[in-house]
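With mmCIF, C-alpha atoms and all ligand atoms inside, this is data_28.cif:
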data_upload
loop_
_atom_site.label_atom_id
_atom_site.label_comp_id
_atom_site.auth_asym_id
_atom_site.auth_seq_id
_atom_site.Cartn_x
_atom_site.Cartn_y
_atom_site.Cartn_z
CA MET A 199 25.82 -36.76 7.68
CA ALA A 200 23.94 -34.91 10.39
CA HIS A 201 25.38 -31.72 11.93
CA GLY A 202 23.00 -31.21 14.86
CA LEU A 203 21.80 -27.99 13.22
CA LEU A 204 18.36 -28.23 14.82
CA LYS A 205 19.39 -29.77 18.12
CA GLY A 206 16.88 -28.82 20.84
CA LYS A 207 14.51 -27.13 18.37
CA ARG A 208 10.80 -27.84 17.94
CA GLY A 209 8.85 -27.46 14.73
CA ILE A 210 5.69 -28.11 12.74
CA ILE A 211 5.90 -29.64 9.27
CA THR A 212 2.78 -29.60 7.11
CA GLY A 213 2.17 -31.28 3.77
CA ALA A 214 3.90 -34.67 3.95
CA LEU A 215 1.58 -36.81 1.82
CA ASN A 216 3.90 -39.61 0.71
CA ASP A 217 7.63 -40.24 0.45
CA GLN A 218 7.80 -38.10 -2.72
CA SER A 219 6.57 -35.00 -0.85
CA ILE A 220 9.09 -32.24 -0.26
CA ALA A 221 7.73 -31.96 3.31
CA TRP A 222 8.48 -35.66 3.91
CA LYS A 223 12.16 -35.08 3.12
CA VAL A 224 12.23 -31.95 5.29
CA ALA A 225 10.69 -33.89 8.20
CA GLU A 226 13.22 -36.72 7.90
CA LEU A 227 16.14 -34.33 7.74
CA ALA A 228 14.87 -32.09 10.54
CA ALA A 229 14.60 -35.14 12.79
CA ALA A 230 18.09 -36.29 11.78
CA GLU A 231 19.38 -32.80 12.63
CA GLY A 232 18.01 -33.15 16.16
CA ALA A 233 14.58 -31.47 16.02
CA GLN A 234 11.36 -32.64 17.64
CA ILE A 235 8.52 -32.35 15.15
CA VAL A 236 4.76 -32.36 14.88
CA LEU A 237 3.46 -33.51 11.48
CA SER A 238 0.25 -32.11 10.06
CA ASN A 239 -1.87 -32.58 6.97
CA ALA A 240 -5.49 -32.22 5.90
CA PRO A 241 -7.74 -34.83 7.54
CA VAL A 242 -8.66 -36.10 4.06
CA ALA A 243 -4.99 -36.70 3.20
CA MET A 244 -4.56 -38.67 6.43
CA ARG A 245 -6.90 -41.33 5.15
CA MET A 246 -4.23 -42.56 2.79
CA GLY A 247 -2.30 -43.47 5.91
CA GLU A 248 1.17 -42.92 4.47
CA ILE A 249 1.98 -40.22 7.01
CA ASN A 250 1.78 -42.78 9.83
CA LYS A 251 4.90 -44.51 8.49
CA LEU A 252 6.82 -41.25 8.61
CA ALA A 253 5.46 -40.41 12.07
CA GLU A 254 6.61 -43.80 13.37
CA SER A 255 10.05 -43.61 11.83
CA ILE A 256 10.83 -40.16 13.25
CA LYS A 257 8.68 -40.52 16.38
CA ALA A 258 6.56 -37.48 15.61
CA PRO A 259 3.00 -36.90 16.79
CA ILE A 260 0.44 -36.07 14.11
CA ILE A 261 -2.12 -33.26 14.48
CA PRO A 262 -4.55 -33.13 11.53
CA ALA A 263 -5.49 -29.64 10.31
CA ASP A 264 -7.28 -28.38 7.24
CA ALA A 265 -5.18 -25.33 6.37
CA THR A 266 -8.31 -23.41 5.36
CA ASN A 267 -9.88 -23.87 8.81
CA ASP A 268 -8.85 -21.35 11.47
CA ALA A 269 -10.04 -23.46 14.42
CA ASP A 270 -7.98 -26.43 13.14
CA LEU A 271 -4.92 -24.21 12.80
CA GLU A 272 -5.24 -22.78 16.31
CA LYS A 273 -5.52 -26.35 17.62
CA LEU A 274 -2.46 -27.29 15.60
CA PHE A 275 -0.38 -24.61 17.32
CA THR A 276 -1.72 -25.05 20.87
CA GLY A 277 -1.54 -28.85 20.51
CA SER A 278 2.03 -28.74 19.20
CA VAL A 279 3.20 -26.51 22.08
CA GLU A 280 1.54 -28.93 24.50
CA GLN A 281 2.87 -32.13 22.90
CA LEU A 282 6.44 -30.91 22.35
CA GLY A 283 6.64 -29.02 25.64
CA GLY A 284 7.37 -25.50 24.40
CA LYS A 285 6.98 -22.97 21.58
CA MET A 286 7.86 -23.78 17.97
CA ASP A 287 11.25 -22.73 16.58
CA PHE A 288 10.27 -23.44 12.98
CA VAL A 289 7.24 -24.03 10.75
CA LEU A 290 7.07 -25.38 7.19
CA HIS A 291 4.09 -24.53 4.97
CA SER A 292 4.20 -27.10 2.16
CA ILE A 293 0.62 -26.96 0.93
CA GLY A 294 -0.79 -26.46 -2.54
CA MET A 295 -3.79 -27.56 -4.58
CA SER A 296 -5.81 -26.11 -7.44
CA PRO A 297 -9.15 -27.69 -8.36
CA ASN A 298 -8.94 -25.82 -11.70
CA VAL A 299 -5.54 -27.33 -12.54
CA ARG A 300 -6.65 -30.72 -11.31
CA LYS A 301 -9.77 -30.67 -13.46
CA GLY A 302 -8.01 -29.32 -16.55
CA LYS A 303 -9.51 -25.78 -16.45
CA THR A 304 -7.15 -23.44 -18.25
CA TYR A 305 -6.36 -19.87 -17.11
CA ASP A 306 -8.72 -18.36 -19.70
CA ASP A 307 -11.64 -20.51 -18.56
CA LEU A 308 -11.46 -20.60 -14.76
CA ASN A 309 -14.22 -21.77 -12.48
CA TYR A 310 -14.31 -18.97 -9.89
CA GLU A 311 -15.50 -21.11 -6.99
CA TRP A 312 -12.50 -23.34 -7.61
CA TYR A 313 -10.29 -20.28 -8.06
CA LYS A 314 -11.27 -19.17 -4.52
CA GLN A 315 -10.36 -22.64 -3.26
CA THR A 316 -6.99 -22.51 -5.02
CA LEU A 317 -6.18 -19.18 -3.37
CA ASP A 318 -7.48 -20.29 0.02
CA ILE A 319 -5.69 -23.65 0.12
CA SER A 320 -2.44 -22.59 -1.53
CA ALA A 321 -1.94 -19.01 -0.28
CA MET A 322 -4.43 -17.66 2.27
CA SER A 323 -3.70 -20.78 4.33
CA PHE A 324 -0.23 -19.30 4.90
CA HIS A 325 -1.79 -16.13 6.28
CA ARG A 326 -4.25 -18.14 8.38
CA MET A 327 -1.40 -20.26 9.72
CA LEU A 328 0.67 -17.28 10.81
CA GLN A 329 -2.35 -15.49 12.26
CA ALA A 330 -3.14 -18.62 14.31
CA ALA A 331 0.51 -18.83 15.42
CA SER A 332 0.50 -15.17 16.34
CA LYS A 333 -2.78 -15.36 18.29
CA THR A 334 -1.64 -18.43 20.22
CA ASP A 335 1.86 -16.96 20.66
CA ALA A 336 3.21 -20.36 19.58
CA ILE A 337 6.48 -19.41 17.82
CA SER A 338 9.65 -18.61 19.77
CA ASP A 339 11.55 -15.36 19.36
CA TRP A 340 14.05 -15.79 16.51
CA GLY A 341 11.93 -18.61 15.09
CA SER A 342 11.85 -19.33 11.36
CA VAL A 343 8.94 -19.91 8.97
CA VAL A 344 9.28 -21.18 5.40
CA ALA A 345 6.68 -21.72 2.66
CA LEU A 346 7.34 -23.37 -0.68
CA SER A 347 6.77 -21.41 -3.88
CA TYR A 348 7.38 -21.63 -7.63
CA ILE A 349 8.75 -19.18 -10.22
CA ALA A 350 5.35 -18.98 -11.93
CA ALA A 351 4.75 -16.25 -9.29
CA GLN A 352 7.01 -13.99 -11.40
CA ARG A 353 6.83 -15.40 -14.94
CA VAL A 354 4.17 -17.06 -17.01
CA PHE A 355 4.25 -20.84 -17.29
CA PRO A 356 1.18 -21.92 -19.27
CA GLY A 357 -0.36 -24.97 -17.64
CA TYR A 358 0.35 -23.76 -14.09
CA GLY A 359 -2.98 -21.91 -14.34
CA ASP A 360 -4.37 -20.18 -11.27
CA MET A 361 -1.59 -21.64 -9.09
CA ALA A 362 0.60 -18.83 -10.48
CA ASP A 363 -1.69 -16.27 -8.82
CA ALA A 364 -1.71 -18.30 -5.61
CA LYS A 365 2.10 -18.37 -5.52
CA ALA A 366 2.31 -14.60 -6.12
CA LEU A 367 -0.05 -14.08 -3.17
CA LEU A 368 1.85 -16.61 -1.05
CA GLU A 369 5.13 -14.74 -1.57
CA SER A 370 3.50 -11.42 -0.73
CA ILE A 371 1.97 -12.88 2.44
CA GLY A 372 5.43 -14.13 3.42
CA ARG A 373 6.90 -10.64 3.05
CA SER A 374 4.10 -8.96 4.97
CA TRP A 375 4.10 -11.41 7.88
CA GLY A 376 7.90 -11.22 7.86
CA TYR A 377 7.53 -7.54 8.67
CA TYR A 378 4.94 -7.97 11.43
CA LEU A 379 6.55 -10.99 13.10
CA GLY A 380 10.03 -9.52 12.69
CA MET A 381 8.99 -6.34 14.48
CA SER A 382 7.16 -8.10 17.28
CA LYS A 383 9.22 -11.25 17.87
CA LYS A 384 12.30 -11.29 15.60
CA ILE A 385 10.65 -14.20 13.77
CA ARG A 386 11.80 -14.57 10.18
CA VAL A 387 9.53 -15.55 7.29
CA ASN A 388 10.74 -16.61 3.84
CA THR A 389 9.49 -18.41 0.77
CA VAL A 390 11.66 -20.91 -1.10
CA SER A 391 11.03 -21.05 -4.84
CA GLN A 392 11.81 -24.64 -5.78
CA SER A 393 12.59 -26.31 -9.15
CA PRO A 394 9.93 -28.55 -10.69
CA THR A 395 9.94 -31.70 -8.58
CA MET A 396 8.32 -35.09 -9.20
CA THR A 397 5.65 -35.19 -6.46
CA THR A 398 1.88 -35.70 -6.34
CA ALA A 399 1.26 -31.92 -6.57
CA GLY A 400 3.95 -31.45 -9.24
CA SER A 401 2.86 -34.20 -11.58
CA GLY A 402 -0.77 -33.00 -11.33
CA ILE A 403 0.20 -30.04 -13.55
CA LYS A 404 -0.63 -30.55 -17.24
CA GLY A 405 2.56 -30.96 -19.25
CA PHE A 406 4.67 -31.32 -16.11
CA GLY A 407 7.24 -33.45 -17.97
CA GLY A 408 7.84 -30.50 -20.29
CA PHE A 409 8.28 -28.06 -17.40
CA TYR A 410 10.67 -30.43 -15.74
CA GLY A 411 12.74 -31.13 -18.86
CA PHE A 412 12.91 -27.48 -19.93
CA ALA A 413 14.01 -26.33 -16.46
CA GLN A 414 16.55 -29.14 -16.33
CA GLU A 415 18.17 -27.94 -19.57
CA MET A 416 17.95 -24.26 -18.61
CA SER A 417 19.60 -24.67 -15.20
CA PRO A 418 23.41 -24.72 -15.04
CA LEU A 419 23.20 -27.06 -12.03
CA GLY A 420 20.13 -28.95 -13.25
CA ASN A 421 16.83 -29.11 -11.34
CA ALA A 422 17.20 -29.09 -7.59
CA PRO A 423 16.01 -32.42 -6.11
CA ALA A 424 13.55 -32.56 -3.18
CA GLU A 425 16.29 -33.84 -0.82
CA ASN A 426 18.35 -30.74 -1.50
CA CYS A 427 15.33 -28.50 -1.05
CA ALA A 428 15.01 -30.11 2.38
CA GLU A 429 18.64 -29.22 3.13
CA TYR A 430 17.99 -25.62 2.17
CA CYS A 431 14.91 -25.47 4.42
CA ILE A 432 16.96 -26.89 7.31
CA SER A 433 19.56 -24.17 6.81
CA LEU A 434 16.77 -21.58 7.04
CA PHE A 435 15.43 -23.16 10.23
CA SER A 436 18.91 -23.22 11.75
CA ASP A 437 20.62 -20.42 13.67
CA LEU A 438 23.01 -19.90 10.73
CA THR A 439 20.45 -17.74 8.86
CA ARG A 440 19.07 -15.55 11.64
CA TYR A 441 19.01 -12.32 9.63
CA VAL A 442 17.45 -13.70 6.44
CA THR A 443 13.83 -12.64 6.29
CA MET A 444 11.05 -11.36 3.97
CA GLN A 445 12.79 -12.99 0.99
CA ASN A 446 11.73 -15.20 -1.86
CA LEU A 447 14.77 -17.45 -2.21
CA PHE A 448 15.31 -19.40 -5.42
CA HIS A 449 16.39 -22.99 -4.98
CA ASP A 450 16.46 -23.88 -8.64
CA GLY A 451 19.96 -24.72 -9.90
CA GLY A 452 20.26 -21.23 -11.45
CA PHE A 453 17.12 -21.42 -13.64
CA SER A 454 15.76 -18.03 -12.52
CA SER A 455 18.91 -16.18 -13.67
CA SER A 456 19.56 -18.05 -16.91
CA GLY A 457 18.76 -16.55 -20.32
CA VAL A 458 19.62 -19.57 -22.44
CA THR A 459 21.94 -22.56 -22.36
CA PRO A 460 23.79 -24.44 -25.15
CA GLN A 461 21.46 -27.43 -24.69
CA VAL A 462 18.40 -25.28 -25.41
CA MET A 463 20.20 -23.33 -28.19
CA ALA A 464 21.06 -26.63 -29.89
CA LYS A 465 17.36 -27.35 -30.40
CA PHE A 466 17.06 -24.20 -32.56
CA THR A 467 20.43 -24.21 -34.33
CA THR A 468 20.77 -25.84 -37.72
CA PRO A 469 24.20 -27.43 -38.34
CA GLU A 470 26.40 -25.15 -40.56
N1 LIG B 501 6.50 -30.34 -7.02
C1 LIG B 501 6.90 -29.22 -7.60
O1 LIG B 501 7.28 -29.19 -8.78
C2 LIG B 501 6.95 -27.95 -6.78
C3 LIG B 501 7.77 -26.89 -7.23
C4 LIG B 501 7.78 -25.70 -6.48
C5 LIG B 501 6.98 -25.60 -5.33
N2 LIG B 501 6.20 -26.66 -4.94
C6 LIG B 501 5.36 -26.50 -3.75
O2 LIG B 501 5.80 -27.36 -2.73
C7 LIG B 501 4.70 -27.58 -1.83
C8 LIG B 501 4.59 -29.06 -1.54
O3 LIG B 501 4.20 -29.76 -2.69
P1 LIG B 501 4.82 -31.15 -3.14
O4 LIG B 501 5.36 -30.96 -4.50
O5 LIG B 501 5.68 -31.73 -2.09
O6 LIG B 501 3.51 -32.06 -3.35
P2 LIG B 501 2.59 -32.90 -2.37
O7 LIG B 501 1.37 -33.23 -3.17
O8 LIG B 501 3.35 -34.02 -1.79
O9 LIG B 501 2.21 -31.86 -1.19
C9 LIG B 501 1.09 -30.99 -1.23
C10 LIG B 501 0.43 -31.11 0.13
O10 LIG B 501 -0.63 -30.16 0.32
C11 LIG B 501 -1.55 -30.80 1.20
N3 LIG B 501 -2.85 -30.11 1.22
C12 LIG B 501 -3.72 -29.91 0.19
N4 LIG B 501 -4.83 -29.30 0.64
C13 LIG B 501 -4.66 -29.08 1.98
C14 LIG B 501 -5.44 -28.49 3.00
N5 LIG B 501 -6.65 -27.96 2.73
N6 LIG B 501 -4.96 -28.45 4.25
C15 LIG B 501 -3.73 -28.96 4.56
N7 LIG B 501 -2.94 -29.54 3.63
C16 LIG B 501 -3.40 -29.60 2.36
C17 LIG B 501 -1.66 -32.19 0.58
O11 LIG B 501 -2.32 -33.13 1.43
C18 LIG B 501 -0.20 -32.52 0.36
O12 LIG B 501 0.38 -33.12 1.48
C19 LIG B 501 3.47 -26.96 -2.49
O13 LIG B 501 3.26 -25.65 -1.98
C20 LIG B 501 3.90 -26.87 -3.94
O14 LIG B 501 3.17 -25.90 -4.68
C21 LIG B 501 6.19 -27.82 -5.63
#

Could you write out this structure as structure tokens?
Amino acid sequence: MAHGLLKGKRGIITGALNDQSIAWKVAELAAAEGAQIVLSNAPVAMRMGEINKLAESIKAPIIPADATNDADLEKLFTGSVEQLGGKMDFVLHSIGMSPNVRKGKTYDDLNYEWYKQTLDISAMSFHRMLQAASKTDAISDWGSVVALSYIAAQRVFPGYGDMADAKALLESIGRSWGYYLGMSKKIRVNTVSQSPTMTTAGSGIKGFGGFYGFAQEMSPLGNAPAENCAEYCISLFSDLTRYVTMQNLFHDGGFSSSGVTPQVMAKFTTPE
């Protein structure tokens, strides 16, 4: 049921690759809540063509942008302001990729060229995006920016490799830009740390089934589905959260605060 939470608002949503993507669900829900949206993804991801279906169904223009390319990002912001007829009220950064993880390079055997790419695509892109937005003055006062993170920024999850470092940097960039954009424009910037979710990026992690199952059993509410992550993002884009900024917000069914659960204990308890 829609509540009109984003009625009259304009936003950019990056990272919708297919209907599993968290960004796809955010885009659908943002449109249902009354927003006008521009969709964006890397030109190479566009070739798969899936995004066109989403664009048609929610009547959103698409502006391709490689998130590691500053000129592309400036065009994304100026083009969005032009196409939607005003500044953006919200932006979603939903971008992540590690060549090391993809090619099975473990944390103790990283390829450093790929490591640079991991950091650029998955974290520096967030800085680049906000710098482009700032230079083009494309976000409204009291606007809201969200990027998606994962708890490997704080704790070690073997298999998540160099993406853990990228997420730590991403969260720090969110805090820092939250300060600068808060001071200059009252714009808020937050990261949402989401449960393991079955998507293209998620299932590219070695042993993802294990991550998913462990988190499921360690979370009092269970893993948070992508649809509910979308709802949380919408709440952060809405006017109901105007003073929430510079935070890393866990959307994880309680995983981050749980020590152990009976389900996990049972695996180590011998019957008396
Ligand atoms: N799936 C999970 O378990 C999980 C958990 C926590 C956080 N996240 C984060 O959520 C975000 C979205 O991932 P997802 O799980 O929906 O997977 P996804 O694979 O659907 O989305 C990742 C997106 O990043 C885009 N991308 C990659 N390189 C790019 C570039 N150079 N320029 C622009 N876009 C680029 C891809 O095209 C894709 O659309 C990522 O930041 C991911 O790390 C995912």

Point to revise | Within 12 Å of file point (18.4, -21.4, 8.3), counting only C-alpha atoms, expressed as an MDAnalysis selection string | key: chainID A and resid 203:204 228 287:289 340:344 385:388 390 428:443 447

Exercise for review: Provide the atom C11 of ligand LIG 501 (chain B) to atom CA of A:Trp222 distance in Å, to one decimal place.
Suggested key: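 Interatomic distance, atom C11 of ligand LIG 501 (chain B) to atom CA of A:Trp222: 11.5 Å.
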
Show me which residues line ligand LIG 501 (chain B), defined as having an atom within 6 Å of a ligand atom where all atoms listed in the file count, and present them as a PDB file with C-alpha atoms, in the coordinates of the input.
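Output below, filename selection.pdb:
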ATOM      1  CA  GLY A 213       2.170 -31.280   3.770  1.00  0.00           C
ATOM      2  CA  ALA A 214       3.900 -34.670   3.950  1.00  0.00           C
ATOM      3  CA  LEU A 215       1.580 -36.810   1.820  1.00  0.00           C
ATOM      4  CA  SER A 219       6.570 -35.000  -0.850  1.00  0.00           C
ATOM      5  CA  ILE A 220       9.090 -32.240  -0.260  1.00  0.00           C
ATOM      6  CA  ALA A 221       7.730 -31.960   3.310  1.00  0.00           C
ATOM      7  CA  ASN A 239      -1.870 -32.580   6.970  1.00  0.00           C
ATOM      8  CA  ALA A 240      -5.490 -32.220   5.900  1.00  0.00           C
ATOM      9  CA  ALA A 243      -4.990 -36.700   3.200  1.00  0.00           C
ATOM     10  CA  ASP A 264      -7.280 -28.380   7.240  1.00  0.00           C
ATOM     11  CA  ALA A 265      -5.180 -25.330   6.370  1.00  0.00           C
ATOM     12  CA  THR A 266      -8.310 -23.410   5.360  1.00  0.00           C
ATOM     13  CA  SER A 292       4.200 -27.100   2.160  1.00  0.00           C
ATOM     14  CA  ILE A 293       0.620 -26.960   0.930  1.00  0.00           C
ATOM     15  CA  GLY A 294      -0.790 -26.460  -2.540  1.00  0.00           C
ATOM     16  CA  MET A 295      -3.790 -27.560  -4.580  1.00  0.00           C
ATOM     17  CA  ILE A 319      -5.690 -23.650   0.120  1.00  0.00           C
ATOM     18  CA  LEU A 346       7.340 -23.370  -0.680  1.00  0.00           C
ATOM     19  CA  SER A 347       6.770 -21.410  -3.880  1.00  0.00           C
ATOM     20  CA  TYR A 348       7.380 -21.630  -7.630  1.00  0.00           C
ATOM     21  CA  SER A 391      11.030 -21.050  -4.840  1.00  0.00           C
ATOM     22  CA  GLN A 392      11.810 -24.640  -5.780  1.00  0.00           C
ATOM     23  CA  SER A 393      12.590 -26.310  -9.150  1.00  0.00           C
ATOM     24  CA  PRO A 394       9.930 -28.550 -10.690  1.00  0.00           C
ATOM     25  CA  THR A 395       9.940 -31.700  -8.580  1.00  0.00           C
ATOM     26  CA  MET A 396       8.320 -35.090  -9.200  1.00  0.00           C
ATOM     27  CA  THR A 397       5.650 -35.190  -6.460  1.00  0.00           C
ATOM     28  CA  THR A 398       1.880 -35.700  -6.340  1.00  0.00           C
ATOM     29  CA  ALA A 399       1.260 -31.920  -6.570  1.00  0.00           C
ATOM     30  CA  GLY A 400       3.950 -31.450  -9.240  1.00  0.00           C
TER      31      GLY A 400
END

Exercise for review: Kindly indicate which residue among A:Val242, A:Ile403, A:Val458, A:Met381 lies nearest to A:Glu415, using all atoms listed in the file for the distances.
Suggested key: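 Under the stated criterion, the closest residue is A:Val458.
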
Practice item. Counting all atoms listed in the file, figure out which residue out of A:Pro297, A:Gly247, A:Gly206, A:Pro423 gets nearest to A:Tyr310. Key: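 The answer is A:Pro297, which sits nearest to A:Tyr310.
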
Give me stretch 370-399 of chain A with N, CA and C atoms filled in, as a PDB file, keeping the file's coordinate frame.
ATOM      1  N   SER A 370       3.815 -12.720  -1.316  1.00  0.00           N
ATOM      2  CA  SER A 370       3.500 -11.420  -0.730  1.00  0.00           C
ATOM      3  C   SER A 370       3.122 -11.579   0.749  1.00  0.00           C
ATOM      4  N   ILE A 371       2.356 -12.605   1.044  1.00  0.00           N
ATOM      5  CA  ILE A 371       1.970 -12.880   2.440  1.00  0.00           C
ATOM      6  C   ILE A 371       3.224 -13.140   3.284  1.00  0.00           C
ATOM      7  N   GLY A 372       4.175 -13.861   2.712  1.00  0.00           N
ATOM      8  CA  GLY A 372       5.430 -14.130   3.420  1.00  0.00           C
ATOM      9  C   GLY A 372       6.159 -12.842   3.775  1.00  0.00           C
ATOM     10  N   ARG A 373       6.231 -11.934   2.803  1.00  0.00           N
ATOM     11  CA  ARG A 373       6.900 -10.640   3.050  1.00  0.00           C
ATOM     12  C   ARG A 373       6.189  -9.855   4.142  1.00  0.00           C
ATOM     13  N   SER A 374       4.853  -9.776   4.017  1.00  0.00           N
ATOM     14  CA  SER A 374       4.100  -8.960   4.970  1.00  0.00           C
ATOM     15  C   SER A 374       4.197  -9.523   6.392  1.00  0.00           C
ATOM     16  N   TRP A 375       3.991 -10.822   6.547  1.00  0.00           N
ATOM     17  CA  TRP A 375       4.100 -11.410   7.880  1.00  0.00           C
ATOM     18  C   TRP A 375       5.546 -11.317   8.387  1.00  0.00           C
ATOM     19  N   GLY A 376       6.493 -11.367   7.474  1.00  0.00           N
ATOM     20  CA  GLY A 376       7.900 -11.220   7.860  1.00  0.00           C
ATOM     21  C   GLY A 376       8.110  -9.885   8.548  1.00  0.00           C
ATOM     22  N   TYR A 377       7.436  -8.846   8.033  1.00  0.00           N
ATOM     23  CA  TYR A 377       7.530  -7.540   8.670  1.00  0.00           C
ATOM     24  C   TYR A 377       6.903  -7.582  10.072  1.00  0.00           C
ATOM     25  N   TYR A 378       5.643  -8.025  10.138  1.00  0.00           N
ATOM     26  CA  TYR A 378       4.940  -7.970  11.430  1.00  0.00           C
ATOM     27  C   TYR A 378       5.611  -8.848  12.483  1.00  0.00           C
ATOM     28  N   LEU A 379       5.954 -10.077  12.103  1.00  0.00           N
ATOM     29  CA  LEU A 379       6.550 -10.990  13.100  1.00  0.00           C
ATOM     30  C   LEU A 379       7.998 -10.627  13.399  1.00  0.00           C
ATOM     31  N   GLY A 380       8.657  -9.988  12.444  1.00  0.00           N
ATOM     32  CA  GLY A 380      10.030  -9.520  12.690  1.00  0.00           C
ATOM     33  C   GLY A 380      10.011  -8.405  13.728  1.00  0.00           C
ATOM     34  N   MET A 381       9.077  -7.465  13.547  1.00  0.00           N
ATOM     35  CA  MET A 381       8.990  -6.340  14.480  1.00  0.00           C
ATOM     36  C   MET A 381       8.599  -6.801  15.883  1.00  0.00           C
ATOM     37  N   SER A 382       7.676  -7.743  15.948  1.00  0.00           N
ATOM     38  CA  SER A 382       7.160  -8.100  17.280  1.00  0.00           C
ATOM     39  C   SER A 382       8.018  -9.152  17.971  1.00  0.00           C
ATOM     40  N   LYS A 383       8.600 -10.088  17.219  1.00  0.00           N
ATOM     41  CA  LYS A 383       9.220 -11.250  17.870  1.00  0.00           C
ATOM     42  C   LYS A 383      10.549 -11.669  17.260  1.00  0.00           C
ATOM     43  N   LYS A 384      11.057 -10.910  16.301  1.00  0.00           N
ATOM     44  CA  LYS A 384      12.300 -11.290  15.600  1.00  0.00           C
ATOM     45  C   LYS A 384      12.141 -12.625  14.855  1.00  0.00           C
ATOM     46  N   ILE A 385      10.885 -12.951  14.525  1.00  0.00           N
ATOM     47  CA  ILE A 385      10.650 -14.200  13.770  1.00  0.00           C
ATOM     48  C   ILE A 385      10.871 -13.909  12.299  1.00  0.00           C
ATOM     49  N   ARG A 386      11.571 -14.802  11.598  1.00  0.00           N
ATOM     50  CA  ARG A 386      11.800 -14.570  10.180  1.00  0.00           C
ATOM     51  C   ARG A 386      10.844 -15.416   9.339  1.00  0.00           C
ATOM     52  N   VAL A 387      10.464 -14.866   8.179  1.00  0.00           N
ATOM     53  CA  VAL A 387       9.530 -15.550   7.290  1.00  0.00           C
ATOM     54  C   VAL A 387      10.055 -15.438   5.858  1.00  0.00           C
ATOM     55  N   ASN A 388      10.231 -16.585   5.210  1.00  0.00           N
ATOM     56  CA  ASN A 388      10.740 -16.610   3.840  1.00  0.00           C
ATOM     57  C   ASN A 388       9.955 -17.599   2.998  1.00  0.00           C
ATOM     58  N   THR A 389      10.008 -17.390   1.673  1.00  0.00           N
ATOM     59  CA  THR A 389       9.490 -18.410   0.770  1.00  0.00           C
ATOM     60  C   THR A 389      10.673 -18.964  -0.023  1.00  0.00           C
ATOM     61  N   VAL A 390      10.624 -20.263  -0.301  1.00  0.00           N
ATOM     62  CA  VAL A 390      11.660 -20.910  -1.100  1.00  0.00           C
ATOM     63  C   VAL A 390      11.020 -21.306  -2.432  1.00  0.00           C
ATOM     64  N   SER A 391      11.579 -20.777  -3.515  1.00  0.00           N
ATOM     65  CA  SER A 391      11.030 -21.050  -4.840  1.00  0.00           C
ATOM     66  C   SER A 391      11.812 -22.209  -5.454  1.00  0.00           C
ATOM     67  N   GLN A 392      11.157 -23.363  -5.477  1.00  0.00           N
ATOM     68  CA  GLN A 392      11.810 -24.640  -5.780  1.00  0.00           C
ATOM     69  C   GLN A 392      11.671 -25.015  -7.256  1.00  0.00           C
ATOM     70  N   SER A 393      12.658 -25.732  -7.785  1.00  0.00           N
ATOM     71  CA  SER A 393      12.590 -26.310  -9.150  1.00  0.00           C
ATOM     72  C   SER A 393      11.383 -27.223  -9.278  1.00  0.00           C
ATOM     73  N   PRO A 394      10.944 -27.500 -10.519  1.00  0.00           N
ATOM     74  CA  PRO A 394       9.930 -28.550 -10.690  1.00  0.00           C
ATOM     75  C   PRO A 394      10.438 -29.848 -10.069  1.00  0.00           C
ATOM     76  N   THR A 395       9.549 -30.518  -9.344  1.00  0.00           N
ATOM     77  CA  THR A 395       9.940 -31.700  -8.580  1.00  0.00           C
ATOM     78  C   THR A 395       8.869 -32.770  -8.758  1.00  0.00           C
ATOM     79  N   MET A 396       9.282 -34.004  -8.968  1.00  0.00           N
ATOM     80  CA  MET A 396       8.320 -35.090  -9.200  1.00  0.00           C
ATOM     81  C   MET A 396       7.612 -35.485  -7.902  1.00  0.00           C
ATOM     82  N   THR A 397       6.454 -34.869  -7.653  1.00  0.00           N
ATOM     83  CA  THR A 397       5.650 -35.190  -6.460  1.00  0.00           C
ATOM     84  C   THR A 397       4.197 -35.299  -6.913  1.00  0.00           C
ATOM     85  N   THR A 398       3.305 -35.613  -5.984  1.00  0.00           N
ATOM     86  CA  THR A 398       1.880 -35.700  -6.340  1.00  0.00           C
ATOM     87  C   THR A 398       1.383 -34.348  -6.866  1.00  0.00           C
ATOM     88  N   ALA A 399       1.707 -33.255  -6.134  1.00  0.00           N
ATOM     89  CA  ALA A 399       1.260 -31.920  -6.570  1.00  0.00           C
ATOM     90  C   ALA A 399       1.907 -31.557  -7.907  1.00  0.00           C
TER      91      ALA A 399
END
